Amino acid sequence: VPIVGASGGIYGLLLAFGMYFPQRTLVLLFPPIPMRARTFVVVFAALELFFGVTGTASGVAHFAHLGGMLGGWLIINWRRGGRR
């Protein structure tokens, strides 16, 4: 069944935040664990990949979230002219 959502775009923005501000410290609400933005993005991507492969939390388009991150990465690299 086709569905529409914005979560892939939100994950693209999450990746952009992690790429532009990698050393910024974030604190989770529960549990209150401080971590760097880059670590936060990598953890979220790893969780989405794990949930997508194992089928955990069915009804959530985990690979759409990863696709949003990939799209964000492609756009950022395109805007940077292919340089890092």
# chains A, B, ... in the order shown; residues from 1 in each chain; ligands from 1
>>> residues_around(residues="A:Gly18", least_positions_apart="2", cutoff="9 Å", atoms="only C-alpha atoms", output="JSON, numbers by chain")
{"A": [13, 14, 15, 16, 20, 21, 22, 23, 24, 36, 37, 38, 39, 40, 41, 42]}
>>> write_last_selection(atoms="all heavy atoms", output="CSV table (one decimal), in the first residue's frame")
chain,number,residue,atom,x,y,z
A,13,LEU,N,17.7,15.6,7.1
A,13,LEU,CA,18.1,16.8,7.9
A,13,LEU,C,19.0,16.4,9.1
A,13,LEU,O,19.9,17.1,9.5
A,13,LEU,CB,16.9,17.5,8.4
A,13,LEU,CG,16.1,18.3,7.4
A,13,LEU,CD1,14.8,18.8,7.9
A,13,LEU,CD2,16.9,19.4,6.7
A,14,LEU,N,18.7,15.2,9.7
A,14,LEU,CA,19.5,14.7,10.8
A,14,LEU,C,20.9,14.5,10.4
A,14,LEU,O,21.9,14.8,11.0
A,14,LEU,CB,18.9,13.5,11.4
A,14,LEU,CG,19.6,12.8,12.5
A,14,LEU,CD1,19.6,13.6,13.8
A,14,LEU,CD2,19.0,11.4,12.8
A,15,LEU,N,21.0,13.8,9.2
A,15,LEU,CA,22.4,13.6,8.6
A,15,LEU,C,23.1,14.9,8.3
A,15,LEU,O,24.3,15.0,8.6
A,15,LEU,CB,22.3,12.7,7.4
A,15,LEU,CG,23.6,12.5,6.7
A,15,LEU,CD1,24.3,11.3,7.5
A,15,LEU,CD2,23.5,12.2,5.3
A,16,ALA,N,22.4,15.9,7.8
A,16,ALA,CA,23.0,17.1,7.5
A,16,ALA,C,23.5,17.8,8.7
A,16,ALA,O,24.6,18.4,8.8
A,16,ALA,CB,22.0,18.0,6.8
A,20,TYR,N,27.4,18.9,9.3
A,20,TYR,CA,27.8,20.3,9.4
A,20,TYR,C,28.3,20.6,10.8
A,20,TYR,O,29.0,21.5,11.0
A,20,TYR,CB,26.7,21.2,8.9
A,20,TYR,CG,26.5,21.3,7.5
A,20,TYR,CD1,25.4,20.8,6.8
A,20,TYR,CD2,27.5,21.9,6.7
A,20,TYR,CE1,25.3,20.8,5.4
A,20,TYR,CE2,27.4,22.0,5.3
A,20,TYR,CZ,26.3,21.5,4.7
A,20,TYR,OH,26.2,21.5,3.3
A,21,PHE,N,27.7,19.9,11.8
A,21,PHE,CA,28.1,20.2,13.2
A,21,PHE,C,28.4,18.9,13.9
A,21,PHE,O,27.8,18.5,14.9
A,21,PHE,CB,26.9,20.9,13.9
A,21,PHE,CG,26.4,22.1,13.2
A,21,PHE,CD1,25.2,22.1,12.5
A,21,PHE,CD2,27.1,23.3,13.3
A,21,PHE,CE1,24.7,23.2,11.9
A,21,PHE,CE2,26.6,24.5,12.7
A,21,PHE,CZ,25.4,24.4,11.9
A,22,PRO,N,29.5,18.2,13.5
A,22,PRO,CA,29.8,16.9,14.1
A,22,PRO,C,30.2,16.9,15.5
A,22,PRO,O,30.0,15.9,16.2
A,22,PRO,CB,30.9,16.4,13.2
A,22,PRO,CG,31.6,17.6,12.6
A,22,PRO,CD,30.5,18.6,12.5
A,23,GLN,N,30.8,18.0,16.0
A,23,GLN,CA,31.3,18.0,17.4
A,23,GLN,C,30.2,18.6,18.4
A,23,GLN,O,30.5,18.7,19.6
A,23,GLN,CB,32.6,18.8,17.5
A,23,GLN,CG,33.7,18.3,16.6
A,23,GLN,CD,34.0,16.8,17.0
A,23,GLN,OE1,34.0,16.4,18.2
A,23,GLN,NE2,34.2,16.0,16.0
A,24,ARG,N,29.1,19.0,17.9
A,24,ARG,CA,28.0,19.6,18.8
A,24,ARG,C,27.6,18.5,19.7
A,24,ARG,O,27.3,17.4,19.3
A,24,ARG,CB,26.9,20.1,18.0
A,24,ARG,CG,25.8,20.8,18.7
A,24,ARG,CD,26.1,22.1,19.3
A,24,ARG,NE,26.6,23.1,18.3
A,24,ARG,CZ,25.9,24.2,17.9
A,24,ARG,NH1,24.8,24.4,18.4
A,24,ARG,NH2,26.5,25.0,17.1
A,36,ARG,N,28.1,13.2,21.0
A,36,ARG,CA,28.4,14.1,19.8
A,36,ARG,C,27.4,13.9,18.7
A,36,ARG,O,26.8,12.8,18.6
A,36,ARG,CB,29.8,13.9,19.3
A,36,ARG,CG,30.9,14.1,20.3
A,36,ARG,CD,31.2,15.5,20.5
A,36,ARG,NE,32.3,15.7,21.4
A,36,ARG,CZ,32.5,16.8,22.0
A,36,ARG,NH1,31.6,17.8,21.9
A,36,ARG,NH2,33.5,16.9,22.8
A,37,ALA,N,27.1,14.9,17.9
A,37,ALA,CA,26.1,14.8,16.9
A,37,ALA,C,26.5,13.7,15.9
A,37,ALA,O,25.6,13.0,15.4
A,37,ALA,CB,26.0,16.2,16.1
A,38,ARG,N,27.7,13.6,15.5
A,38,ARG,CA,28.1,12.5,14.6
A,38,ARG,C,27.8,11.1,15.1
A,38,ARG,O,27.3,10.3,14.4
A,38,ARG,CB,29.6,12.6,14.3
A,38,ARG,CG,30.1,11.5,13.3
A,38,ARG,CD,31.5,11.6,13.1
A,38,ARG,NE,31.8,13.0,12.4
A,38,ARG,CZ,33.0,13.4,12.0
A,38,ARG,NH1,34.0,12.6,12.2
A,38,ARG,NH2,33.1,14.5,11.5
A,39,THR,N,28.1,10.9,16.4
A,39,THR,CA,27.8,9.6,17.1
A,39,THR,C,26.3,9.4,17.1
A,39,THR,O,25.8,8.3,16.8
A,39,THR,CB,28.3,9.6,18.5
A,39,THR,OG1,29.7,9.9,18.5
A,39,THR,CG2,28.1,8.3,19.2
A,40,PHE,N,25.5,10.4,17.4
A,40,PHE,CA,24.0,10.3,17.4
A,40,PHE,C,23.5,9.9,16.1
A,40,PHE,O,22.6,9.0,16.0
A,40,PHE,CB,23.5,11.7,17.8
A,40,PHE,CG,22.0,11.8,17.9
A,40,PHE,CD1,21.4,11.2,19.1
A,40,PHE,CD2,21.2,12.4,17.0
A,40,PHE,CE1,20.0,11.3,19.2
A,40,PHE,CE2,19.8,12.5,17.1
A,40,PHE,CZ,19.2,11.9,18.2
A,41,VAL,N,24.0,10.5,15.0
A,41,VAL,CA,23.5,10.1,13.6
A,41,VAL,C,23.9,8.7,13.3
A,41,VAL,O,23.1,7.9,12.7
A,41,VAL,CB,24.1,11.1,12.6
A,41,VAL,CG1,23.8,10.7,11.2
A,41,VAL,CG2,23.5,12.5,12.8
A,42,VAL,N,25.1,8.3,13.6
A,42,VAL,CA,25.5,6.9,13.3
A,42,VAL,C,24.7,5.9,14.1
A,42,VAL,O,24.3,4.9,13.6
A,42,VAL,CB,27.1,6.8,13.6
A,42,VAL,CG1,27.5,5.3,13.6
A,42,VAL,CG2,27.9,7.6,12.6
>>> residues_around(residues="stretch 70-73 of chain A", least_positions_apart="2", cutoff="10 Å", atoms="only C-alpha atoms", output="PyMOL selection string")
chain A and resi 8-16+19+64-68+75-79
>>> write_last_selection(atoms="all heavy atoms", output="CSV table (one decimal), in the first residue's frame")
chain,number,residue,atom,x,y,z
A,8,GLY,N,11.6,10.3,6.1
A,8,GLY,CA,12.8,10.2,5.3
A,8,GLY,C,13.5,11.6,5.2
A,8,GLY,O,14.7,11.7,5.3
A,9,GLY,N,12.7,12.6,5.0
A,9,GLY,CA,13.3,14.0,4.9
A,9,GLY,C,13.9,14.4,6.3
A,9,GLY,O,14.9,15.1,6.3
A,10,ILE,N,13.2,14.1,7.3
A,10,ILE,CA,13.7,14.4,8.7
A,10,ILE,C,15.1,13.7,8.9
A,10,ILE,O,16.0,14.3,9.5
A,10,ILE,CB,12.7,14.0,9.8
A,10,ILE,CG1,11.4,14.8,9.6
A,10,ILE,CG2,13.3,14.2,11.1
A,10,ILE,CD1,11.5,16.3,9.7
A,11,TYR,N,15.2,12.5,8.5
A,11,TYR,CA,16.4,11.7,8.6
A,11,TYR,C,17.5,12.4,7.7
A,11,TYR,O,18.7,12.4,8.1
A,11,TYR,CB,16.3,10.3,8.3
A,11,TYR,CG,15.9,9.5,9.6
A,11,TYR,CD1,14.6,9.5,10.0
A,11,TYR,CD2,16.8,8.7,10.2
A,11,TYR,CE1,14.2,8.8,11.2
A,11,TYR,CE2,16.5,8.0,11.4
A,11,TYR,CZ,15.2,8.1,11.8
A,11,TYR,OH,14.8,7.4,13.0
A,12,GLY,N,17.1,12.9,6.6
A,12,GLY,CA,18.1,13.6,5.8
A,12,GLY,C,18.6,14.9,6.5
A,12,GLY,O,19.8,15.2,6.4
A,13,LEU,N,17.7,15.6,7.1
A,13,LEU,CA,18.1,16.8,7.9
A,13,LEU,C,19.0,16.4,9.1
A,13,LEU,O,19.9,17.1,9.5
A,13,LEU,CB,16.9,17.5,8.4
A,13,LEU,CG,16.1,18.3,7.4
A,13,LEU,CD1,14.8,18.8,7.9
A,13,LEU,CD2,16.9,19.4,6.7
A,14,LEU,N,18.7,15.2,9.7
A,14,LEU,CA,19.5,14.7,10.8
A,14,LEU,C,20.9,14.5,10.4
A,14,LEU,O,21.9,14.8,11.0
A,14,LEU,CB,18.9,13.5,11.4
A,14,LEU,CG,19.6,12.8,12.5
A,14,LEU,CD1,19.6,13.6,13.8
A,14,LEU,CD2,19.0,11.4,12.8
A,15,LEU,N,21.0,13.8,9.2
A,15,LEU,CA,22.4,13.6,8.6
A,15,LEU,C,23.1,14.9,8.3
A,15,LEU,O,24.3,15.0,8.6
A,15,LEU,CB,22.3,12.7,7.4
A,15,LEU,CG,23.6,12.5,6.7
A,15,LEU,CD1,24.3,11.3,7.5
A,15,LEU,CD2,23.5,12.2,5.3
A,16,ALA,N,22.4,15.9,7.8
A,16,ALA,CA,23.0,17.1,7.5
A,16,ALA,C,23.5,17.8,8.7
A,16,ALA,O,24.6,18.4,8.8
A,16,ALA,CB,22.0,18.0,6.8
A,19,MET,N,26.7,16.2,9.8
A,19,MET,CA,27.8,16.5,8.9
A,19,MET,C,28.3,17.9,9.1
A,19,MET,O,29.5,18.2,9.0
A,19,MET,CB,27.4,16.3,7.4
A,19,MET,CG,27.3,14.8,7.0
A,19,MET,SD,26.8,14.5,5.3
A,19,MET,CE,28.3,15.0,4.5
A,64,ALA,N,13.1,3.5,4.2
A,64,ALA,CA,12.7,4.9,3.8
A,64,ALA,C,13.5,5.9,4.6
A,64,ALA,O,14.0,6.9,4.0
A,64,ALA,CB,11.3,5.1,3.9
A,65,HIS,N,13.7,5.7,5.9
A,65,HIS,CA,14.5,6.5,6.7
A,65,HIS,C,16.0,6.5,6.2
A,65,HIS,O,16.6,7.6,6.1
A,65,HIS,CB,14.5,6.1,8.2
A,65,HIS,CG,13.1,6.2,8.8
A,65,HIS,ND1,12.8,5.5,9.9
A,65,HIS,CD2,12.0,6.9,8.4
A,65,HIS,CE1,11.5,5.8,10.2
A,65,HIS,NE2,11.1,6.6,9.3
A,66,LEU,N,16.5,5.3,5.9
A,66,LEU,CA,17.9,5.3,5.4
A,66,LEU,C,18.0,5.9,4.0
A,66,LEU,O,19.0,6.5,3.7
A,66,LEU,CB,18.3,3.8,5.4
A,66,LEU,CG,18.5,3.1,6.7
A,66,LEU,CD1,18.8,1.6,6.6
A,66,LEU,CD2,19.6,3.8,7.5
A,67,GLY,N,16.9,5.7,3.2
A,67,GLY,CA,16.9,6.4,1.9
A,67,GLY,C,16.9,7.9,2.0
A,67,GLY,O,17.5,8.6,1.2
A,68,GLY,N,16.2,8.4,3.0
A,68,GLY,CA,16.3,9.9,3.3
A,68,GLY,C,17.6,10.3,3.7
A,68,GLY,O,18.1,11.4,3.3
A,75,ILE,N,22.7,15.1,-1.7
A,75,ILE,CA,22.5,16.6,-1.9
A,75,ILE,C,23.6,17.4,-1.3
A,75,ILE,O,24.1,18.4,-1.9
A,75,ILE,CB,21.1,17.0,-1.4
A,75,ILE,CG1,20.0,16.4,-2.2
A,75,ILE,CG2,21.0,18.5,-1.3
A,75,ILE,CD1,18.6,16.5,-1.7
A,76,ILE,N,24.0,17.0,-0.1
A,76,ILE,CA,25.1,17.8,0.6
A,76,ILE,C,26.4,17.7,-0.3
A,76,ILE,O,27.1,18.7,-0.5
A,76,ILE,CB,25.4,17.3,2.0
A,76,ILE,CG1,24.2,17.7,2.9
A,76,ILE,CG2,26.7,17.8,2.6
A,76,ILE,CD1,24.2,17.0,4.2
A,77,ASN,N,26.7,16.5,-0.8
A,77,ASN,CA,27.9,16.3,-1.6
A,77,ASN,C,27.8,17.1,-2.9
A,77,ASN,O,28.8,17.6,-3.4
A,77,ASN,CB,28.2,14.8,-1.8
A,77,ASN,CG,28.9,14.2,-0.6
A,77,ASN,OD1,29.6,14.9,0.1
A,77,ASN,ND2,28.8,13.0,-0.5
A,78,TRP,N,26.6,17.1,-3.5
A,78,TRP,CA,26.4,17.8,-4.7
A,78,TRP,C,26.6,19.3,-4.5
A,78,TRP,O,27.2,20.0,-5.3
A,78,TRP,CB,25.0,17.5,-5.3
A,78,TRP,CG,24.6,18.3,-6.4
A,78,TRP,CD1,25.1,18.2,-7.7
A,78,TRP,CD2,23.7,19.4,-6.5
A,78,TRP,NE1,24.5,19.1,-8.5
A,78,TRP,CE2,23.6,19.9,-7.8
A,78,TRP,CE3,22.9,20.0,-5.5
A,78,TRP,CZ2,22.8,20.9,-8.2
A,78,TRP,CZ3,22.1,21.1,-5.9
A,78,TRP,CH2,22.0,21.5,-7.2
A,79,ARG,N,26.0,19.8,-3.4
A,79,ARG,CA,26.2,21.3,-3.1
A,79,ARG,C,27.6,21.6,-2.8
A,79,ARG,O,28.1,22.7,-3.1
A,79,ARG,CB,25.3,21.6,-1.8
A,79,ARG,CG,23.9,21.7,-2.2
A,79,ARG,CD,23.1,22.4,-1.1
A,79,ARG,NE,23.5,23.8,-1.1
A,79,ARG,CZ,23.6,24.5,0.1
A,79,ARG,NH1,23.2,24.0,1.2
A,79,ARG,NH2,24.0,25.8,0.1
>>> select_by_dssp(residues="chain A", states="alpha helix (DSSP H)", output="MDAnalysis selection string")
chainID A and resid 7:20 37:54 62:79
